[in-house]
$ cat entry.pdb   # PDB, C-alpha atoms and all ligand atoms
ATOM      1  CA  MET A   1     -85.095   6.727 110.727
ATOM      2  CA  SER A   2     -85.270   9.865 108.688
ATOM      3  CA  VAL A   3     -83.832  13.114 110.059
ATOM      4  CA  THR A   4     -85.923  16.278 109.950
ATOM      5  CA  LEU A   5     -83.957  18.591 107.701
ATOM      6  CA  TYR A   6     -83.486  22.288 108.249
ATOM      7  CA  ALA A   7     -84.420  23.982 104.965
ATOM      8  CA  ARG A   8     -84.630  27.487 103.614
ATOM      9  CA  ASP A   9     -87.902  27.753 101.693
ATOM     10  CA  VAL A  10     -88.521  30.936  99.667
ATOM     11  CA  GLY A  11     -90.805  32.059  96.846
ATOM     12  CA  GLN A  12     -93.948  30.600  95.343
ATOM     13  CA  GLY A  13     -94.912  28.463  92.395
ATOM     14  CA  THR A  14     -93.405  25.292  90.988
ATOM     15  CA  PRO A  15     -91.248  23.761  93.728
ATOM     16  CA  LEU A  16     -87.519  23.558  92.988
ATOM     17  CA  VAL A  17     -85.498  21.626  95.578
ATOM     18  CA  LEU A  18     -81.728  22.147  95.435
ATOM     19  CA  LEU A  19     -79.376  19.698  97.187
ATOM     20  CA  HIS A  20     -75.915  20.926  98.108
ATOM     21  CA  ALA A  21     -72.411  19.617  97.447
ATOM     22  CA  PHE A  22     -69.893  18.125  99.878
ATOM     23  CA  PRO A  23     -68.537  19.529 102.168
ATOM     24  CA  LEU A  24     -70.798  22.589 101.993
ATOM     25  CA  SER A  25     -74.385  23.371 103.069
ATOM     26  CA  SER A  26     -77.510  25.088 101.753
ATOM     27  CA  ALA A  27     -75.554  28.351 102.112
ATOM     28  CA  MET A  28     -73.992  27.548  98.718
ATOM     29  CA  TRP A  29     -77.396  28.246  97.052
ATOM     30  CA  LEU A  30     -77.502  31.931  98.044
ATOM     31  CA  ALA A  31     -77.543  33.229  94.447
ATOM     32  CA  GLN A  32     -80.215  30.686  93.463
ATOM     33  CA  ARG A  33     -82.492  31.716  96.347
ATOM     34  CA  GLU A  34     -81.986  35.379  95.473
ATOM     35  CA  ARG A  35     -82.586  35.051  91.731
ATOM     36  CA  LEU A  36     -84.958  32.116  91.329
ATOM     37  CA  ALA A  37     -87.381  32.711  94.203
ATOM     38  CA  GLY A  38     -89.075  35.455  92.144
ATOM     39  CA  ARG A  39     -90.384  32.736  89.792
ATOM     40  CA  PHE A  40     -90.459  29.466  91.755
ATOM     41  CA  ARG A  41     -90.669  28.052  95.262
ATOM     42  CA  VAL A  42     -87.006  27.372  96.042
ATOM     43  CA  VAL A  43     -86.357  24.872  98.838
ATOM     44  CA  THR A  44     -82.734  24.349  99.893
ATOM     45  CA  PRO A  45     -82.255  21.827 102.707
ATOM     46  CA  ASP A  46     -79.134  21.177 104.733
ATOM     47  CA  LEU A  47     -78.479  17.459 104.213
ATOM     48  CA  ARG A  48     -78.101  15.496 107.447
ATOM     49  CA  GLY A  49     -75.171  16.597 109.584
ATOM     50  CA  PHE A  50     -74.574  19.802 107.577
ATOM     51  CA  GLY A  51     -75.638  23.363 108.407
ATOM     52  CA  GLY A  52     -78.684  23.312 110.659
ATOM     53  CA  SER A  53     -79.575  19.606 110.306
ATOM     54  CA  ARG A  54     -78.539  17.015 112.862
ATOM     55  CA  LEU A  55     -76.631  13.918 111.803
ATOM     56  CA  GLY A  56     -78.811  11.222 113.386
ATOM     57  CA  ASP A  57     -77.482   7.768 114.149
ATOM     58  CA  ASP A  58     -78.061   5.748 110.971
ATOM     59  CA  GLU A  59     -75.319   3.951 109.093
ATOM     60  CA  PRO A  60     -73.812   6.175 106.364
ATOM     61  CA  SER A  61     -75.910   5.984 103.204
ATOM     62  CA  ILE A  62     -76.940   8.249 100.365
ATOM     63  CA  ASP A  63     -80.319   6.478 100.379
ATOM     64  CA  ALA A  64     -80.927   7.721 103.946
ATOM     65  CA  MET A  65     -80.225  11.276 102.737
ATOM     66  CA  ALA A  66     -82.735  10.802  99.902
ATOM     67  CA  ASP A  67     -85.367   9.490 102.319
ATOM     68  CA  ASP A  68     -84.831  12.622 104.459
ATOM     69  CA  VAL A  69     -85.567  14.778 101.410
ATOM     70  CA  ALA A  70     -88.708  12.775 100.570
ATOM     71  CA  GLN A  71     -89.860  13.230 104.158
ATOM     72  CA  LEU A  72     -89.146  16.984 103.938
ATOM     73  CA  LEU A  73     -91.364  17.213 100.836
ATOM     74  CA  ARG A  74     -94.162  15.359 102.624
ATOM     75  CA  SER A  75     -93.885  17.587 105.689
ATOM     76  CA  ARG A  76     -94.024  20.764 103.564
ATOM     77  CA  GLY A  77     -97.028  19.562 101.578
ATOM     78  CA  ILE A  78     -95.036  19.325  98.336
ATOM     79  CA  GLY A  79     -96.303  16.456  96.187
ATOM     80  CA  LYS A  80     -93.836  16.720  93.318
ATOM     81  CA  ALA A  81     -90.857  18.980  92.710
ATOM     82  CA  VAL A  82     -88.081  19.645  90.285
ATOM     83  CA  ILE A  83     -85.165  18.082  92.159
ATOM     84  CA  GLY A  84     -81.702  19.451  91.535
ATOM     85  CA  GLY A  85     -78.432  18.356  93.067
ATOM     86  CA  LEU A  86     -74.848  19.445  92.668
ATOM     87  CA  SER A  87     -72.187  16.753  93.084
ATOM     88  CA  MET A  88     -73.043  14.951  96.371
ATOM     89  CA  GLY A  89     -76.481  16.572  96.039
ATOM     90  CA  GLY A  90     -76.660  14.917  92.613
ATOM     91  CA  TYR A  91     -75.942  11.514  94.181
ATOM     92  CA  VAL A  92     -78.880  12.168  96.531
ATOM     93  CA  ALA A  93     -81.082  13.287  93.616
ATOM     94  CA  MET A  94     -80.264  10.040  91.767
ATOM     95  CA  ALA A  95     -81.166   8.048  94.899
ATOM     96  CA  LEU A  96     -84.507   9.897  94.861
ATOM     97  CA  CYS A  97     -84.973   8.751  91.244
ATOM     98  CA  ARG A  98     -84.431   5.180  92.452
ATOM     99  CA  ARG A  99     -86.441   5.307  95.674
ATOM    100  CA  HIS A 100     -89.058   8.043  95.215
ATOM    101  CA  PRO A 101     -89.565   8.477  91.452
ATOM    102  CA  ASP A 102     -93.156   9.678  91.939
ATOM    103  CA  ARG A 103     -91.802  12.815  93.683
ATOM    104  CA  LEU A 104     -90.075  14.161  90.565
ATOM    105  CA  LEU A 105     -91.399  16.740  88.128
ATOM    106  CA  GLY A 106     -87.969  17.161  86.620
ATOM    107  CA  LEU A 107     -84.317  16.526  87.427
ATOM    108  CA  VAL A 108     -81.265  18.814  87.421
ATOM    109  CA  LEU A 109     -77.894  17.111  87.794
ATOM    110  CA  ALA A 110     -74.965  19.500  88.121
ATOM    111  CA  ASP A 111     -71.289  18.572  88.369
ATOM    112  CA  THR A 112     -72.016  15.022  89.419
ATOM    113  CA  LYS A 113     -71.631  11.508  88.090
ATOM    114  CA  ALA A 114     -73.722   8.339  87.920
ATOM    115  CA  SER A 115     -70.873   5.862  88.296
ATOM    116  CA  ALA A 116     -69.897   4.323  91.645
ATOM    117  CA  ASP A 117     -66.423   5.019  93.024
ATOM    118  CA  PRO A 118     -63.471   3.001  91.753
ATOM    119  CA  GLU A 119     -61.724   1.168  94.615
ATOM    120  CA  PRO A 120     -58.814   3.651  95.079
ATOM    121  CA  VAL A 121     -61.285   6.558  95.372
ATOM    122  CA  ARG A 122     -63.332   4.591  97.902
ATOM    123  CA  GLN A 123     -60.244   3.823  99.980
ATOM    124  CA  ASN A 124     -59.230   7.474  99.876
ATOM    125  CA  ARG A 125     -62.631   8.520 101.221
ATOM    126  CA  LEU A 126     -62.409   6.000 104.070
ATOM    127  CA  ARG A 127     -58.909   7.243 104.927
ATOM    128  CA  ARG A 128     -60.150  10.842 105.046
ATOM    129  CA  ALA A 129     -63.136   9.836 107.185
ATOM    130  CA  GLU A 130     -60.869   8.159 109.733
ATOM    131  CA  GLN A 131     -58.476  11.087 109.731
ATOM    132  CA  MET A 132     -61.268  13.596 110.385
ATOM    133  CA  GLU A 133     -62.585  11.524 113.264
ATOM    134  CA  THR A 134     -59.133  11.062 114.789
ATOM    135  CA  GLU A 135     -58.164  14.715 114.419
ATOM    136  CA  GLY A 136     -61.629  16.147 115.160
ATOM    137  CA  SER A 137     -61.018  18.545 112.291
ATOM    138  CA  VAL A 138     -61.695  18.981 108.561
ATOM    139  CA  LYS A 139     -58.101  20.006 107.850
ATOM    140  CA  VAL A 140     -57.683  17.108 105.417
ATOM    141  CA  LEU A 141     -60.561  18.542 103.346
ATOM    142  CA  LEU A 142     -58.974  21.977 103.267
ATOM    143  CA  ASP A 143     -55.709  20.384 102.120
ATOM    144  CA  GLU A 144     -57.034  17.809  99.659
ATOM    145  CA  VAL A 145     -60.598  18.688  98.573
ATOM    146  CA  LEU A 146     -60.851  22.489  98.606
ATOM    147  CA  PRO A 147     -58.132  23.060  95.957
ATOM    148  CA  ASN A 148     -60.200  21.150  93.352
ATOM    149  CA  LEU A 149     -63.639  22.527  94.215
ATOM    150  CA  VAL A 150     -63.341  25.645  92.081
ATOM    151  CA  GLY A 151     -61.765  25.894  88.644
ATOM    152  CA  PRO A 152     -58.582  27.745  87.695
ATOM    153  CA  THR A 153     -60.546  30.737  86.360
ATOM    154  CA  THR A 154     -62.335  31.265  89.678
ATOM    155  CA  TYR A 155     -59.129  30.638  91.625
ATOM    156  CA  ARG A 156     -57.243  33.280  89.610
ATOM    157  CA  GLN A 157     -59.960  35.874  89.006
ATOM    158  CA  ARG A 158     -62.609  35.573  91.736
ATOM    159  CA  ALA A 159     -60.830  35.530  95.087
ATOM    160  CA  LEU A 160     -64.008  36.421  96.984
ATOM    161  CA  ILE A 161     -65.769  33.305  95.723
ATOM    162  CA  TYR A 162     -62.828  31.095  96.620
ATOM    163  CA  GLY A 163     -62.758  32.673 100.100
ATOM    164  CA  ARG A 164     -66.466  32.039 100.545
ATOM    165  CA  VAL A 165     -66.136  28.375  99.563
ATOM    166  CA  ARG A 166     -63.191  27.989 101.927
ATOM    167  CA  GLY A 167     -65.310  29.401 104.768
ATOM    168  CA  LEU A 168     -68.102  26.915 104.026
ATOM    169  CA  VAL A 169     -65.667  23.977 104.044
ATOM    170  CA  GLN A 170     -64.172  25.157 107.363
ATOM    171  CA  ALA A 171     -67.652  25.335 108.914
ATOM    172  CA  THR A 172     -68.410  21.653 108.205
ATOM    173  CA  PRO A 173     -68.615  19.476 111.333
ATOM    174  CA  PRO A 174     -65.959  16.708 111.084
ATOM    175  CA  ALA A 175     -68.424  13.974 112.146
ATOM    176  CA  ALA A 176     -70.840  14.912 109.341
ATOM    177  CA  ALA A 177     -68.028  15.076 106.793
ATOM    178  CA  ALA A 178     -66.744  11.624 107.846
ATOM    179  CA  TRP A 179     -70.277  10.167 107.685
ATOM    180  CA  ALA A 180     -70.870  11.639 104.216
ATOM    181  CA  GLN A 181     -67.523  10.358 102.904
ATOM    182  CA  ARG A 182     -68.527   6.837 103.981
ATOM    183  CA  ALA A 183     -71.995   7.281 102.479
ATOM    184  CA  MET A 184     -70.524   8.368  99.135
ATOM    185  CA  ALA A 185     -68.000   5.492  99.207
ATOM    186  CA  ALA A 186     -70.900   3.014  99.539
ATOM    187  CA  ARG A 187     -73.143   4.485  96.858
ATOM    188  CA  PRO A 188     -74.143   2.275  93.906
ATOM    189  CA  ASP A 189     -73.949   2.991  90.199
ATOM    190  CA  SER A 190     -77.041   4.997  89.140
ATOM    191  CA  PHE A 191     -77.070   4.557  85.371
ATOM    192  CA  ASP A 192     -80.013   2.099  85.477
ATOM    193  CA  ALA A 193     -82.005   4.580  87.566
ATOM    194  CA  LEU A 194     -81.281   7.333  85.028
ATOM    195  CA  ARG A 195     -82.369   5.094  82.126
ATOM    196  CA  GLU A 196     -85.714   4.683  83.866
ATOM    197  CA  THR A 197     -86.178   8.367  84.708
ATOM    198  CA  ARG A 198     -88.689   9.673  82.171
ATOM    199  CA  VAL A 199     -89.144  13.225  83.475
ATOM    200  CA  PRO A 200     -87.271  16.070  81.733
ATOM    201  CA  ALA A 201     -83.678  16.292  82.924
ATOM    202  CA  LEU A 202     -81.013  18.964  82.651
ATOM    203  CA  VAL A 203     -77.358  18.020  83.079
ATOM    204  CA  LEU A 204     -74.945  20.872  83.803
ATOM    205  CA  VAL A 205     -71.182  20.799  84.126
ATOM    206  CA  GLY A 206     -68.358  23.302  84.324
ATOM    207  CA  ASP A 207     -65.859  23.025  81.484
ATOM    208  CA  GLU A 208     -63.062  23.153  84.100
ATOM    209  CA  ASP A 209     -64.582  20.542  86.423
ATOM    210  CA  THR A 210     -61.988  17.860  87.179
ATOM    211  CA  ILE A 211     -64.003  16.088  89.939
ATOM    212  CA  SER A 212     -67.071  15.318  87.806
ATOM    213  CA  THR A 213     -65.944  15.885  84.264
ATOM    214  CA  PRO A 214     -67.805  16.903  81.105
ATOM    215  CA  GLU A 215     -67.432  13.229  80.010
ATOM    216  CA  ASP A 216     -69.256  12.115  83.190
ATOM    217  CA  ALA A 217     -71.985  14.649  82.413
ATOM    218  CA  ARG A 218     -72.341  13.472  78.818
ATOM    219  CA  ALA A 219     -72.702   9.871  79.977
ATOM    220  CA  MET A 220     -75.585  10.883  82.293
ATOM    221  CA  ALA A 221     -77.311  12.949  79.596
ATOM    222  CA  ASP A 222     -77.011   9.996  77.175
ATOM    223  CA  ALA A 223     -78.543   7.612  79.751
ATOM    224  CA  LEU A 224     -81.505   9.885  80.513
ATOM    225  CA  PRO A 225     -84.374   9.320  78.026
ATOM    226  CA  ASN A 226     -85.279  13.009  78.259
ATOM    227  CA  GLY A 227     -81.925  14.559  79.119
ATOM    228  CA  GLU A 228     -80.133  17.630  77.765
ATOM    229  CA  LEU A 229     -76.566  18.687  78.481
ATOM    230  CA  LEU A 230     -75.209  22.181  78.988
ATOM    231  CA  VAL A 231     -71.525  22.906  79.558
ATOM    232  CA  ILE A 232     -70.930  26.071  81.567
ATOM    233  CA  GLN A 233     -67.824  27.941  80.455
ATOM    234  CA  ARG A 234     -65.059  29.149  82.782
ATOM    235  CA  SER A 235     -66.334  27.187  85.753
ATOM    236  CA  GLY A 236     -64.948  24.361  87.823
ATOM    237  CA  HIS A 237     -66.888  21.937  90.030
ATOM    238  CA  LEU A 238     -69.185  24.507  91.689
ATOM    239  CA  THR A 239     -71.061  25.926  88.684
ATOM    240  CA  ALA A 240     -73.893  27.352  90.826
ATOM    241  CA  VAL A 241     -71.382  29.364  92.872
ATOM    242  CA  GLU A 242     -68.763  30.150  90.217
ATOM    243  CA  GLN A 243     -71.118  31.107  87.363
ATOM    244  CA  PRO A 244     -74.443  31.805  89.111
ATOM    245  CA  ASP A 245     -75.929  33.854  86.260
ATOM    246  CA  LEU A 246     -75.377  31.121  83.652
ATOM    247  CA  PHE A 247     -76.515  28.423  86.084
ATOM    248  CA  ASN A 248     -79.648  30.347  87.098
ATOM    249  CA  GLN A 249     -80.605  31.131  83.518
ATOM    250  CA  ALA A 250     -80.363  27.473  82.503
ATOM    251  CA  VAL A 251     -82.305  26.221  85.530
ATOM    252  CA  SER A 252     -84.889  28.982  85.278
ATOM    253  CA  ASP A 253     -85.607  28.196  81.586
ATOM    254  CA  PHE A 254     -85.790  24.486  82.405
ATOM    255  CA  VAL A 255     -88.210  24.827  85.344
ATOM    256  CA  ALA A 256     -90.342  27.395  83.475
ATOM    257  CA  ALA A 257     -90.752  24.953  80.568
ATOM    258  CA  ILE A 258     -91.933  22.255  82.993
ATOM    259  CA  ALA A 259     -94.261  24.688  84.745
ATOM    260  CA  LYS A 260     -95.805  25.608  81.385
ATOM    261  CA  THR A 261     -96.757  22.002  80.689
ATOM    262  CA  MET A 262     -98.674  21.987  84.005
ATOM    263  CA  ASP A 263    -100.817  25.068  83.257
TER
HETATM  264  C1  LIG B 301     -69.020  17.226  96.111
HETATM  265  O1  LIG B 301     -68.731  18.312  95.606
HETATM  266  O2  LIG B 301     -70.142  17.020  96.593
HETATM  267  C2  LIG B 301     -67.968  16.167  96.150
HETATM  268  O3  LIG B 301     -66.914  16.513  95.313
HETATM  269  C3  LIG B 301     -68.540  14.844  95.764
HETATM  270  C4  LIG B 301     -67.542  13.745  95.805
HETATM  271  O4  LIG B 301     -66.614  13.772  96.630
HETATM  272  O5  LIG B 301     -67.692  12.803  95.006
END
$ encode --input "entry.pdb" --output "structure tokens"
Amino acid sequence: MSVTLYARDVGQGTPLVLLHAFPLSSAMWLAQRERLAGRFRVVTPDLRGFGGSRLGDDEPSIDAMADDVAQLLRSRGIGKAVIGGLSMGGYVAMALCRRHPDRLLGLVLADTKASADPEPVRQNRLRRAEQMETEGSVKVLLDEVLPNLVGPTTYRQRALIYGRVRGLVQATPPAAAAWAQRAMAARPDSFDALRETRVPALVLVGDEDTISTPEDARAMADALPNGELLVIQRSGHLTAVEQPDLFNQAVSDFVAAIAKTMD
């Protein structure tokens, strides 16, 4: 059963749907809503369990999150959109490529990877999920995940951004975070789906990203028949938050080029 997602929906024109990272919410897309809504219709949902969206009672699965997004598009009268996702949002975007390819005008994959988790990573996610449920807290994420979310440049030079990301992690409900960890642990490899995705695709990655590395990004761009890769300098895993101007420029040029082909 799909969950009705809470979504911020601003601007007009070609629809651009942006799917957030773990363990954040649509609040991470503030700079994209501010800067891109002048040119496009920017829709930023809270994925199930995060922000203003309820968790529902399905088994953990990235596919369920993708079906929620497809349902959101239907309910807002959006036939096709440029779908962008950062990290976990990228996993959801790739599930949309697999399950709802007719919804895509274009694809933006930022700081994410198409491979499934190796077994030790999977086990680590399941351990964290159990710990969050037992403790009723996301402390384990603050200790183990937060330190790697932003790159060393942001950590040293942009304390306000680091503080903002920390606040978003702290606001995550433990049950949603545990559910999402299990969903990510169960996700399949998406390289076949990318090979079959014919729409234009933009792959972005921070040069300091250690969670989804520039090598992961290159592998996705190589698999996509119509993919281009852009490495964003002096950014870690959260390019949209750490280097919003560079991120927005790249996405804006990409969506504008797609929009032009539709005139
Ligand atoms: C994210 O930023 O969404 C997470 O790092 C994804 C993951 O844990 O693989």
$ axis_aligned_box --input "entry.pdb" --around "ligand LIG 301 (chain B)" --padding-each-side "6 Å" --output "lines of an AutoDock Vina configuration file"
center_x = -68.4
center_y = 15.6
center_z = 95.8
size_x = 15.5
size_y = 17.5
size_z = 13.6
$ residues_near_point --input "entry.pdb" --point "(-77.8, 21.0, 109.7)" --cutoff "12 Å" --atoms "all atoms listed in the file" --output "number ranges by chain"
A: 3-8, 20, 24-27, 44-56, 171-173, 175-177
$ closest_residue --input "entry.pdb" --among "A:Ser115, A:Gln170, A:Asn148, A:Gln32" --to "Ile211 in chain A" --atoms "only C-alpha atoms"
A:Asn148
$ closest_residue --input "entry.pdb" --among "A:Ala217, A:Leu30, A:Pro23, A:Arg39" --to "Ala259 in chain A" --atoms "all atoms listed in the file"
A:Arg39
$ resolve_selection --input "entry.pdb" --expression "the PyMOL selection byres (((chain A and resi 63) around 8) and not hetatm)" --output "PyMOL selection string"
chain A and resi 61-62+64-67+92+95-96+99
$ resolve_selection --input "entry.pdb" --expression "the PyMOL selection byres (((chain A and resi 154-168) around 12) and not hetatm)" --output "PyMOL selection string"
chain A and resi 20-31+50-51+138-139+141-143+145-153+169-173+206+208-209+233-244
$ atom_distance --input "entry.pdb" --atom1 "CA of Glu228 in chain A" --atom2 "CA of Arg41 in chain A"
22.9 Å
$ closest_residue --input "entry.pdb" --among "A:Leu36, A:Met262, A:Ala221, A:Ala186" --to "ligand LIG 301 (chain B)" --atoms "all atoms listed in the file"
A:Ala186
$ residues_around --input "entry.pdb" --residues "Gly136 in chain A" --least-positions-apart "3" --cutoff "8 Å" --atoms "all atoms listed in the file" --output "compact mmCIF listing (two decimals) with C-alpha atoms, keeping the file's coordinate frame"
# COMPACT_ATOMS: atom_id res chain seq x y z
CA MET A 132 -61.27 13.60 110.38
CA GLU A 133 -62.58 11.52 113.26
CA PRO A 174 -65.96 16.71 111.08
CA ALA A 175 -68.42 13.97 112.15
$ atom_distance --input "entry.pdb" --atom1 "CA of Leu19 in chain A" --atom2 "CA of Met88 in chain A"
8.0 Å
$ atom_distance --input "entry.pdb" --atom1 "CA of Leu109 in chain A" --atom2 "CA of Ala93 in chain A"
7.7 Å
$ decode --input "entry.pdb" --residues "range 57-90 of chain A" --atoms "C-alpha atoms" --output "compact mmCIF listing (two decimals), in the first residue's frame"
# COMPACT_ATOMS: atom_id res chain seq x y z
CA ASP A 57 3.14 -0.63 7.78
CA ASP A 58 4.79 -2.24 4.75
CA GLU A 59 7.93 -4.34 4.93
CA PRO A 60 11.06 -2.20 4.41
CA SER A 61 11.74 -1.75 0.70
CA ILE A 62 13.14 0.89 -1.61
CA ASP A 63 10.59 -0.25 -4.21
CA ALA A 64 7.77 0.79 -1.84
CA MET A 65 9.37 4.25 -1.58
CA ALA A 66 9.51 4.47 -5.39
CA ASP A 67 5.85 3.45 -5.68
CA ASP A 68 4.97 6.25 -3.21
CA VAL A 69 6.72 8.75 -5.49
CA ALA A 70 4.91 7.42 -8.58
CA GLN A 71 1.63 7.77 -6.72
CA LEU A 72 2.56 11.34 -5.70
CA LEU A 73 3.15 12.22 -9.37
CA ARG A 74 -0.23 10.76 -10.33
CA SER A 75 -2.00 12.64 -7.54
CA ARG A 76 -0.39 15.95 -8.57
CA GLY A 77 -1.25 15.48 -12.24
CA ILE A 78 2.41 15.16 -13.25
CA GLY A 79 2.79 12.75 -16.17
CA LYS A 80 6.57 12.80 -16.50
CA ALA A 81 9.29 14.53 -14.51
CA VAL A 82 13.01 14.89 -14.24
CA ILE A 83 13.68 12.68 -11.22
CA GLY A 84 16.69 13.45 -9.08
CA GLY A 85 17.88 11.66 -5.97
CA LEU A 86 20.80 12.12 -3.64
CA SER A 87 22.22 8.97 -2.04
CA MET A 88 19.19 7.09 -0.60
CA GLY A 89 17.08 9.32 -2.86
CA GLY A 90 19.22 8.01 -5.73
